[in-house]
Amino acid sequence: MIEKAQQWFREKGWQPFPFQEEAWESYLHDFHGLVNAPTGSGKTYSLAVPILLEFLQNHPAHHPKKPGLQAIWITPIRALAREIQISVQRACDAFDINWQVAIRTGDTSTAERARQKRNTPEFLITTPESMHLLLAQKDYENLFKNLKAVIADEWHELVGSKRGVQVELALSRFKTLCPKLKIWGISATIGNMDEALNVLMGNDYKADNVKVIKADIEKEIEIISILPDTMEKFPWGGHLGIILLEKVLPILYESKTTLIFTNTRSQAEIWYQRILQAAPDLAGVIAMHHGSISREVRDWVETALHDERLKAVVCTSSLDLGVDFRPVETIIQIGGPKGVSRFMQRAGRSGHRPGAKSKIYFVPTQALELLEASALRKAIEVNELEERIPFIRSFDVLSQYLVTLAVSGGFDPKIIYPEILSTFCYGSMSEDEWHWILNFITTGGSTLDAYDEFKKVEVERGIFKVTNRRTAMRHRLSIGTIVSDTMIEVKYLHGPRIGSIEEWFIASMNIGDVFWFAGRSLELVSIRGMSALVRRSKKKRGRFPSWQGGRLDLSSKLSALLRLKLSEVASGNPKDPELQSIIPLIEKQQEVSLVPSEEEFLIESIHTREGHHLFFYPFEGRNVHEGIAYLVAHRLSQIQRFSFSIAMNDYGFELLSDQEIPIEEALGMDLFATDDLFYDIQASINTNEMSRRRFRDIASIAGLVFQGYPGKYVSSKHLQSSSSLFYDVYREYEPNSLLLKEAFEEVMEFQLQETRLRNAMDRINNQKIILKHPENPTPFSFPILVERIRDRYTSEELKDRIKRMTLKLQKG
DNA sequence: GACCTGCTGCGGGATG
């Protein structure tokens with residue numbers, strides 16, 4: 001059988017990689033598993049081919065006319081489906097198998113859906129969401145009963161998200177429906193490969209029945225940092241990096257095509273604009289691509305890139321994955337990518353062929369980012385990649401899934417319960433919790449049982465099902481785990497959509513105002529419902545929109561290496577060019593304060609017009625810093641009542657108060673102790689507010705809050721207030737609600753990262769704490785000083801504060 | 001003296 005595949009490869013002038021052959025063998029010998037291969041290595045064939053071979057093996061003489069759905073290929077991104085379809089179709093033709101290879105995603109037409117229903121495809125490429133929609137169809141058991149294989153492509157992308165949980169749940173169902181099912185994943189390298197396998201297989205797999213197949217395709221990555229000529233003019237703070245524009249332009253000219261990655265959408269807008277200003281001759285051959293630019297415009301950019309019509313594209317993570325861009329020659333990363341995997345993924349977009357070298361230019365936006373460059377170099381050298389932490393006990397996804405099954409015609413809890421327990425996500429679920437969920441979907445739970453709206457599922461002779469058609473339709477509409485903010489669509493007055501910007505940004509503008517978006521100068525003409533109508537403007541000055549997206553957190557792998565690199569510079573003669581260039585800055589820091597060695601922890605106390613500042617430098621990423629900052633503020637306020645304003649970046653944090661802070665005294669009392677850590681976190685950090693924010697998504701996923709019909713306007717304020725209302729109601733009447741607990745656990749695990757926070761505190765405890773009193777802001781403290789996002793912590797009674805403020809006023 | 005901020009991904013279907 002395998003000879004057949006080998007022969008096909010030979011005919012095409014290809015050589016099968018060893019990992020492909022290993023995957024074919026393993027698959028045909030009834031293994032499940034994970035193929036660890038980089039994109040562009042022909043990974044699709046590693047699993048599509050054995051699926052076809054097995055079919056041939058079982059039907060050697062003649063192919064049955066309608067074998068039914070044989071294989072599902074899950075992709076996290078719709079745009080990848082087409083490419084996969086082409087590859088699989090090609091393999092089908094080669095083996096003379098007359099299969100229908102179909103795509104079923106959100107943008108599959110109604111006609112095509114109907115066609116697939118009449119005439120079941122044998123091979124289906126779909127997304128986790130669309131797969132669940134299939135599970136919501138009547139008689140879905142029939143559709144899946146002949147299923148032989150499920151492939152979870154780009155599994156590393158899904159494993160750390162609730163979309164991964166959706167895959168786990170669907171697989172648990174398939175395992176019962178089709179006992180001979182084979183489950184395979186395809187994944188890029190991540191730090192917790194074994195766990196990723198575990199999540200995919202579920203708790204009931206047999207270890208001698210699974211395989212991890214590694215493609216031994218070494219990817220060589222060359223990192224070239226763009227260094228400022230002199231450190232003197234290079235900013236200590238900031239994030240834009242425009243100062244190095246002059247050095248970026250020649251790279252664009254020299255290379256046939258370049259992708260310029262930025263960390264935020266507004267940064268992409270600004271860079272695009274500035275490049276055009278500096279090099280007007282690039283007009284027409286440079287484009288922009290980010291998540292808020294309309295699909296149509298992005299499609300155009302992708303095609304143009306593919307056809308080599310563009311010289312450069314300024315983009316965000318929106319081009320991390322996606323269609324193969326073979327022609328891309330050069331990659332530029334502006335600003336610290338904050339994670340090793342992300343950086344490698346981006347670097348890998350160039351030299352996108354097996355064996356080809358990837359080349360990436362790193363453009364620092366502020367001095368300390370040069371450390372990050374050197375840390376990245378090291379990380380790649382020793383192959384230190386981040387882990388993707390799988391979600392566990394996501395009861396919102398579970399309740400959505402159960403309603404999905406109830407919509408399809410009903411489920412029997414006796415059958416479904418053990419299936420759920422077999423998943424990695426819900427392995428630890430207790431029977432009580434299971435009953436809570438069942439109760440939640442049938443009555444709305446003890447809190448909401450007065451409202452019919454939440455009695456979604458009815459029980460008829462032990463079968464849980466949805467009979468109300470409206471409920472069923474609303475549910476189908478809200479399947480999925482991605483919750484987004486309300487966006488206002490930007491549209492030409494008489495023309496196409498350009499993209500979307502956030503409600504609050506539009507609200508801050510007046511009719512006639514000009515803003516830059518998608519690389520164009522636009523004038524706001526009117527606002528109608530969910531659309532902002534615009535026309536092109538000749539004005540060169542305008543605001544740049546910003547979006548309040550997620551923040552990239554400095555990964556723990558990278559932060560550890562960052563600390564290492566810092567001590568390397570501190571200790572004398574570093575090798576890396578980045579570290580050498582940063583020496584003047586480090587010397588300055590040493591001169592006015594201190595560069596801590598690995599055994600030391602630096603605290604700077606500075607007095608300015610603004611007040612009394614304390615700066616701490618754990619180098620642990622901003623989220624962990626936020627946690628430590630509140631803890632420290634809380635512990636300081638045990639000595640005396642305080643109000644602090646808190647700021648942080650990825651390297652350190654600041655406590656600012658208008659009172660003198662008795663830091664020496666505080667250091668004597670174990671400021672960084674980890675005993676009672678959990679208790680202190682509760683006491684100091686407003687985990688309640690954080691949970692409330694998390695709960696918004698959870699309420700949506702669990703179906704408490706309806707996001708609205710497509711195209712119909714539901715303001716984000718409305719969404720927020722209704723989820724907030726639920727949050728309060730639960731807190732008051734049902735504090736043991738699993739959804740509430742879930743919100744809290746997500747805060748601890750993903751935001752404050754309790755373990756990482758604890759480790760950081762332990763580390764600091766073992767270091768020698770050195771307190772310095774510099775006259776002025778130092779190279780380390782300056783960037784934090786200018787951070788604009790500040791939080792407040794106060795332990796003062798309001799009346800004390802007012803008293804002190806009035807005293808001050810009187811004095812002044 | 002230094003400061004323009006925060007990623008990505010998905011998404012009815014039965015009946016006229």
# chains A, B, ... in the order shown; residues from 1 in each chain; ligands from 1
call {"tool": "closest_atom_pairs", "arguments": {"of": "chain B", "to": "chain A", "cutoff": "7 Å", "atoms": "only C-alpha atoms (C1' of nucleotides)", "output": "CSV"}}
result
residue,atom,partner,partner_atom,distance
B:DA2,C1',A:Pro235,CA,5.5
B:DC3,C1',A:Val786,CA,5.6
B:DG6,C1',A:Arg551,CA,4.8
B:DC7,C1',A:Ser317,CA,5.6
B:DT8,C1',A:Ser318,CA,6.1
B:DG9,C1',A:Ile77,CA,6.7
B:DC10,C1',A:Glu129,CA,6.1
B:DG11,C1',A:Gly106,CA,6.0
B:DG12,C1',A:Arg476,CA,5.6
call {"tool": "select_by_dssp", "arguments": {"residues": "segment 94-252 of chain A", "states": "strand (DSSP E)", "output": "number ranges by chain"}}
result
A: 101-104, 123-126, 149-152, 182-187, 210-214, 221-225
call {"tool": "write_last_selection", "arguments": {"atoms": "N, CA, C and O atoms", "output": "tab-separated table (two decimals), in the first residue's frame"}}
result
chain	number	residue	atom	x	y	z
A	101	VAL	N	-14.50	16.03	-1.63
A	101	VAL	CA	-13.78	16.73	-0.57
A	101	VAL	C	-14.42	18.10	-0.40
A	101	VAL	O	-14.32	18.94	-1.28
A	102	ALA	N	-15.14	18.29	0.71
A	102	ALA	CA	-15.94	19.50	0.86
A	102	ALA	C	-15.48	20.35	2.03
A	102	ALA	O	-14.80	19.88	2.94
A	103	ILE	N	-15.84	21.62	1.97
A	103	ILE	CA	-15.54	22.55	3.05
A	103	ILE	C	-16.85	22.99	3.68
A	103	ILE	O	-17.81	23.33	2.99
A	104	ARG	N	-16.88	22.98	5.02
A	104	ARG	CA	-18.08	23.45	5.69
A	104	ARG	C	-17.64	24.42	6.79
A	104	ARG	O	-17.21	24.02	7.85
A	123	PHE	N	-15.05	13.52	2.66
A	123	PHE	CA	-13.98	14.18	3.38
A	123	PHE	C	-14.43	15.62	3.64
A	123	PHE	O	-14.75	16.34	2.71
A	124	LEU	N	-14.46	15.99	4.92
A	124	LEU	CA	-15.00	17.30	5.24
A	124	LEU	C	-13.97	18.13	5.99
A	124	LEU	O	-13.41	17.70	6.99
A	125	ILE	N	-13.73	19.32	5.48
A	125	ILE	CA	-12.80	20.25	6.15
A	125	ILE	C	-13.66	21.30	6.85
A	125	ILE	O	-14.52	21.92	6.23
A	126	THR	N	-13.43	21.46	8.14
A	126	THR	CA	-14.33	22.32	8.90
A	126	THR	C	-13.63	22.97	10.09
A	126	THR	O	-12.48	22.67	10.38
A	149	ALA	N	-11.81	8.82	10.66
A	149	ALA	CA	-10.66	9.60	11.12
A	149	ALA	C	-11.04	11.05	11.39
A	149	ALA	O	-11.82	11.65	10.65
A	150	VAL	N	-10.48	11.59	12.46
A	150	VAL	CA	-10.57	13.04	12.69
A	150	VAL	C	-9.15	13.57	12.82
A	150	VAL	O	-8.33	13.01	13.56
A	151	ILE	N	-8.87	14.61	12.07
A	151	ILE	CA	-7.54	15.23	12.13
A	151	ILE	C	-7.71	16.64	12.69
A	151	ILE	O	-8.47	17.44	12.15
A	152	ALA	N	-7.03	16.92	13.77
A	152	ALA	CA	-7.05	18.28	14.32
A	152	ALA	C	-5.78	19.00	13.86
A	152	ALA	O	-4.71	18.77	14.40
A	182	LYS	N	-10.07	6.91	14.34
A	182	LYS	CA	-8.68	7.26	14.64
A	182	LYS	C	-8.55	8.77	14.79
A	182	LYS	O	-9.07	9.53	13.97
A	183	ILE	N	-7.83	9.16	15.84
A	183	ILE	CA	-7.69	10.59	16.12
A	183	ILE	C	-6.24	11.00	15.97
A	183	ILE	O	-5.35	10.41	16.59
A	184	TRP	N	-6.03	12.00	15.14
A	184	TRP	CA	-4.67	12.51	14.94
A	184	TRP	C	-4.67	14.03	15.02
A	184	TRP	O	-5.65	14.67	14.66
A	185	GLY	N	-3.57	14.55	15.47
A	185	GLY	CA	-3.40	15.99	15.47
A	185	GLY	C	-2.16	16.37	14.70
A	185	GLY	O	-1.26	15.55	14.52
A	186	ILE	N	-2.13	17.58	14.25
A	186	ILE	CA	-0.92	18.11	13.62
A	186	ILE	C	-0.55	19.37	14.39
A	186	ILE	O	-1.41	20.22	14.63
A	187	SER	N	0.69	19.45	14.80
A	187	SER	CA	1.04	20.56	15.68
A	187	SER	C	2.44	21.07	15.40
A	187	SER	O	3.34	20.31	15.09
A	210	VAL	N	-0.65	5.18	21.04
A	210	VAL	CA	-0.47	6.52	20.49
A	210	VAL	C	0.98	6.77	20.11
A	210	VAL	O	1.90	6.14	20.64
A	211	LYS	N	1.15	7.70	19.20
A	211	LYS	CA	2.50	8.01	18.73
A	211	LYS	C	2.65	9.49	18.53
A	211	LYS	O	1.73	10.17	18.09
A	212	VAL	N	3.82	9.99	18.84
A	212	VAL	CA	4.15	11.36	18.45
A	212	VAL	C	5.22	11.26	17.38
A	212	VAL	O	6.26	10.62	17.58
A	213	ILE	N	4.95	11.82	16.24
A	213	ILE	CA	5.89	11.73	15.13
A	213	ILE	C	6.51	13.10	14.89
A	213	ILE	O	5.80	14.08	14.65
A	214	LYS	N	7.80	13.14	14.98
A	214	LYS	CA	8.49	14.42	14.84
A	214	LYS	C	9.13	14.52	13.46
A	214	LYS	O	9.84	13.60	13.03
A	221	ILE	N	17.17	29.79	11.62
A	221	ILE	CA	16.65	31.15	11.72
A	221	ILE	C	17.79	32.12	11.96
A	221	ILE	O	18.58	31.94	12.87
A	222	GLU	N	17.85	33.13	11.12
A	222	GLU	CA	18.87	34.14	11.31
A	222	GLU	C	18.22	35.42	11.83
A	222	GLU	O	17.28	35.94	11.23
A	223	ILE	N	18.70	35.89	12.98
A	223	ILE	CA	18.14	37.11	13.56
A	223	ILE	C	19.12	38.25	13.38
A	223	ILE	O	20.28	38.14	13.75
A	224	ILE	N	18.64	39.32	12.78
A	224	ILE	CA	19.49	40.50	12.63
A	224	ILE	C	18.82	41.66	13.34
A	224	ILE	O	17.72	42.07	12.95
A	225	SER	N	19.43	42.16	14.38
A	225	SER	CA	18.83	43.29	15.08
A	225	SER	C	19.24	44.59	14.41
A	225	SER	O	20.38	44.75	14.01
call {"tool": "residues_around", "arguments": {"residues": "Val397 of chain A", "least_positions_apart": "5", "cutoff": "9 Å", "atoms": "only C-alpha atoms (C1' of nucleotides)", "output": "VMD selection string"}}
result
chain A and resid 162 to 163 165 to 166 402 480 to 481 698 701 to 702
call {"tool": "write_last_selection", "arguments": {"atoms": "all heavy atoms", "output": "mmCIF file, in the first residue's frame"}}
result
data_model
loop_
_atom_site.group_PDB
_atom_site.id
_atom_site.type_symbol
_atom_site.label_atom_id
_atom_site.label_comp_id
_atom_site.auth_asym_id
_atom_site.auth_seq_id
_atom_site.Cartn_x
_atom_site.Cartn_y
_atom_site.Cartn_z
ATOM 1 N N LYS A 162 -10.504 27.707 24.449
ATOM 2 C CA LYS A 162 -11.788 27.026 24.617
ATOM 3 C C LYS A 162 -12.249 26.379 23.314
ATOM 4 O O LYS A 162 -13.086 25.496 23.328
ATOM 5 C CB LYS A 162 -12.837 28.010 25.141
ATOM 6 C CG LYS A 162 -12.584 28.395 26.583
ATOM 7 C CD LYS A 162 -13.685 29.245 27.169
ATOM 8 C CE LYS A 162 -13.318 29.570 28.624
ATOM 9 N NZ LYS A 162 -14.284 30.485 29.248
ATOM 10 N N ARG A 163 -11.677 26.823 22.211
ATOM 11 C CA ARG A 163 -11.995 26.153 20.947
ATOM 12 C C ARG A 163 -11.435 24.743 20.977
ATOM 13 O O ARG A 163 -11.996 23.832 20.379
ATOM 14 C CB ARG A 163 -11.406 26.929 19.768
ATOM 15 C CG ARG A 163 -11.875 28.368 19.721
ATOM 16 C CD ARG A 163 -11.274 29.098 18.554
ATOM 17 N NE ARG A 163 -11.926 28.726 17.298
ATOM 18 C CZ ARG A 163 -11.382 28.920 16.107
ATOM 19 N NH1 ARG A 163 -10.178 29.435 16.000
ATOM 20 N NH2 ARG A 163 -12.047 28.586 15.031
ATOM 21 N N VAL A 165 -11.340 22.976 23.681
ATOM 22 C CA VAL A 165 -12.308 22.229 24.491
ATOM 23 C C VAL A 165 -13.471 21.766 23.612
ATOM 24 O O VAL A 165 -13.962 20.643 23.756
ATOM 25 C CB VAL A 165 -12.828 23.104 25.661
ATOM 26 C CG1 VAL A 165 -13.887 22.359 26.458
ATOM 27 C CG2 VAL A 165 -11.679 23.520 26.565
ATOM 28 N N GLN A 166 -13.876 22.616 22.696
ATOM 29 C CA GLN A 166 -14.938 22.217 21.768
ATOM 30 C C GLN A 166 -14.532 20.975 20.980
ATOM 31 O O GLN A 166 -15.333 20.079 20.752
ATOM 32 C CB GLN A 166 -15.235 23.346 20.776
ATOM 33 C CG GLN A 166 -16.029 24.488 21.369
ATOM 34 C CD GLN A 166 -16.388 25.496 20.295
ATOM 35 O OE1 GLN A 166 -15.521 26.197 19.796
ATOM 36 N NE2 GLN A 166 -17.639 25.567 19.923
ATOM 37 N N LEU A 402 -23.963 20.910 25.700
ATOM 38 C CA LEU A 402 -25.131 20.103 26.045
ATOM 39 C C LEU A 402 -26.387 20.641 25.376
ATOM 40 O O LEU A 402 -27.225 19.874 24.894
ATOM 41 C CB LEU A 402 -25.306 20.043 27.569
ATOM 42 C CG LEU A 402 -24.218 19.227 28.291
ATOM 43 C CD1 LEU A 402 -24.419 19.272 29.797
ATOM 44 C CD2 LEU A 402 -24.176 17.788 27.796
ATOM 45 N N GLY A 480 -20.045 28.724 19.682
ATOM 46 C CA GLY A 480 -18.680 29.232 19.543
ATOM 47 C C GLY A 480 -18.198 29.793 20.867
ATOM 48 O O GLY A 480 -18.992 30.035 21.782
ATOM 49 N N THR A 481 -16.904 30.015 20.977
ATOM 50 C CA THR A 481 -16.332 30.466 22.250
ATOM 51 C C THR A 481 -15.588 31.785 22.117
ATOM 52 O O THR A 481 -14.958 32.234 23.056
ATOM 53 C CB THR A 481 -15.358 29.419 22.806
ATOM 54 O OG1 THR A 481 -14.318 29.218 21.855
ATOM 55 C CG2 THR A 481 -16.039 28.106 23.066
ATOM 56 N N ILE A 698 -17.824 34.371 29.750
ATOM 57 C CA ILE A 698 -18.391 33.113 30.219
ATOM 58 C C ILE A 698 -19.911 33.120 30.061
ATOM 59 O O ILE A 698 -20.512 32.152 29.581
ATOM 60 C CB ILE A 698 -17.970 32.862 31.680
ATOM 61 C CG1 ILE A 698 -16.464 32.565 31.717
ATOM 62 C CG2 ILE A 698 -18.759 31.720 32.307
ATOM 63 C CD1 ILE A 698 -15.872 32.465 33.092
ATOM 64 N N ILE A 701 -20.753 32.588 26.414
ATOM 65 C CA ILE A 701 -20.530 31.227 25.942
ATOM 66 C C ILE A 701 -21.577 30.282 26.524
ATOM 67 O O ILE A 701 -22.100 29.406 25.841
ATOM 68 C CB ILE A 701 -19.103 30.755 26.313
ATOM 69 C CG1 ILE A 701 -18.073 31.625 25.611
ATOM 70 C CG2 ILE A 701 -18.902 29.288 25.945
ATOM 71 C CD1 ILE A 701 -16.644 31.412 26.074
ATOM 72 N N ALA A 702 -21.911 30.501 27.795
ATOM 73 C CA ALA A 702 -22.888 29.623 28.443
ATOM 74 C C ALA A 702 -24.313 29.911 27.987
ATOM 75 O O ALA A 702 -25.244 29.209 28.360
ATOM 76 C CB ALA A 702 -22.787 29.770 29.954
#
call {"tool": "atom_distance", "arguments": {"atom1": "atom CA of Thr443 of chain A", "atom2": "atom CA of Glu141 of chain A"}}
result
26.7 Å
call {"tool": "atom_distance", "arguments": {"atom1": "atom CA of Met429 of chain A", "atom2": "atom CA of Arg393 of chain A"}}
result
7.1 Å
call {"tool": "select_by_dssp", "arguments": {"residues": "segment 530-647 of chain A", "states": "helix (DSSP H, G or I)", "output": "NGL selection string"}}
result
:A and (556-570 or 577-581 or 583-592 or 622-636)
call {"tool": "write_last_selection", "arguments": {"atoms": "C-alpha atoms", "output": "compact mmCIF listing (two decimals), in the first residue's frame"}}
result
# COMPACT_ATOMS: atom_id res chain seq x y z
CA SER A 556 7.84 33.12 31.38
CA LYS A 557 10.41 31.41 29.15
CA LEU A 558 11.40 34.72 27.68
CA SER A 559 11.39 36.58 30.97
CA ALA A 560 13.77 34.04 32.50
CA LEU A 561 16.16 34.49 29.60
CA LEU A 562 15.77 38.23 29.84
CA ARG A 563 17.02 38.18 33.42
CA LEU A 564 19.88 35.99 32.33
CA LYS A 565 20.83 38.43 29.59
CA LEU A 566 20.69 41.34 31.97
CA SER A 567 23.18 39.69 34.28
CA GLU A 568 25.30 38.88 31.25
CA VAL A 569 25.57 42.57 30.35
CA ALA A 570 26.06 43.50 33.96
CA PRO A 577 25.69 42.66 19.29
CA GLU A 578 22.43 43.74 20.97
CA LEU A 579 23.97 43.46 24.39
CA GLN A 580 27.05 45.32 23.31
CA SER A 581 24.97 48.17 21.98
CA ILE A 583 26.25 48.88 27.30
CA PRO A 584 26.11 52.71 27.49
CA LEU A 585 22.62 52.49 28.90
CA ILE A 586 23.62 49.85 31.40
CA GLU A 587 26.60 51.93 32.43
CA LYS A 588 24.31 54.89 32.96
CA GLN A 589 22.01 52.75 35.06
CA GLN A 590 24.98 51.50 37.04
CA GLU A 591 26.18 55.03 37.54
CA VAL A 592 22.94 56.50 38.83
CA ARG A 622 3.05 42.95 33.15
CA ASN A 623 0.30 40.64 34.37
CA VAL A 624 2.42 39.12 37.10
CA HIS A 625 3.70 42.58 37.95
CA GLU A 626 0.16 43.76 38.40
CA GLY A 627 -0.39 41.00 40.94
CA ILE A 628 2.84 41.65 42.84
CA ALA A 629 2.25 45.39 42.78
CA TYR A 630 -1.09 45.02 44.53
CA LEU A 631 0.34 42.55 47.01
CA VAL A 632 3.20 44.84 47.91
CA ALA A 633 0.85 47.83 48.12
CA HIS A 634 -1.39 45.84 50.40
CA ARG A 635 1.47 44.81 52.66
CA LEU A 636 2.86 48.32 52.82
call {"tool": "atom_distance", "arguments": {"atom1": "atom CA of Leu554 of chain A", "atom2": "atom CA of His289 of chain A"}}
result
23.7 Å
call {"tool": "closest_residue", "arguments": {"among": "A:Ser408, A:Gln640, A:Ser537, A:Thr423", "to": "Ala136 of chain A", "atoms": "only C-alpha atoms"}}
result
A:Ser408
call {"tool": "residues_around", "arguments": {"residues": "Gly202 of chain A", "least_positions_apart": "5", "cutoff": "12 Å", "atoms": "only C-alpha atoms (C1' of nucleotides)", "output": "list of chain:residue names"}}
result
A:His32, A:Gly33, A:Gly164, A:Val165, A:Val167, A:Glu168, A:Leu169, A:Ala170, A:Leu171, A:Ser172, A:Arg173, A:Lys175, A:Ile183, A:Glu195, A:Ala196, A:Leu197, A:Ala207, A:Val210, A:Pro418, A:Glu419, A:Ile420, A:Leu421, A:Ser422, A:Thr423, A:Phe424, A:Cys425, A:Tyr426, A:Gly427
call {"tool": "decode", "arguments": {"residues": "chain B", "atoms": "C-alpha atoms (C1' of nucleotides)", "output": "PDB file, in the first residue's frame"}}
result
ATOM      1  C1'  DG B   1      15.352  64.660  27.331  1.00  0.00           C
ATOM      2  C1'  DA B   2      13.224  60.923  26.275  1.00  0.00           C
ATOM      3  C1'  DC B   3       5.698  59.342  26.221  1.00  0.00           C
ATOM      4  C1'  DC B   4       0.744  58.628  20.088  1.00  0.00           C
ATOM      5  C1'  DT B   5      -0.477  51.247  22.916  1.00  0.00           C
ATOM      6  C1'  DG B   6      -2.214  46.634  23.383  1.00  0.00           C
ATOM      7  C1'  DC B   7      -3.097  40.080  18.851  1.00  0.00           C
ATOM      8  C1'  DT B   8      -5.845  36.331  16.640  1.00  0.00           C
ATOM      9  C1'  DG B   9      -9.753  33.200  15.697  1.00  0.00           C
ATOM     10  C1'  DC B  10     -15.739  31.649  14.652  1.00  0.00           C
ATOM     11  C1'  DG B  11     -20.743  31.987  13.662  1.00  0.00           C
ATOM     12  C1'  DG B  12     -28.928  29.082  11.536  1.00  0.00           C
ATOM     13  C1'  DG B  13     -31.568  26.307   8.693  1.00  0.00           C
ATOM     14  C1'  DA B  14     -36.349  24.834   7.868  1.00  0.00           C
ATOM     15  C1'  DT B  15     -39.854  26.261   4.919  1.00  0.00           C
ATOM     16  C1'  DG B  16     -42.131  28.683   1.344  1.00  0.00           C
TER      17       DG B  16
END
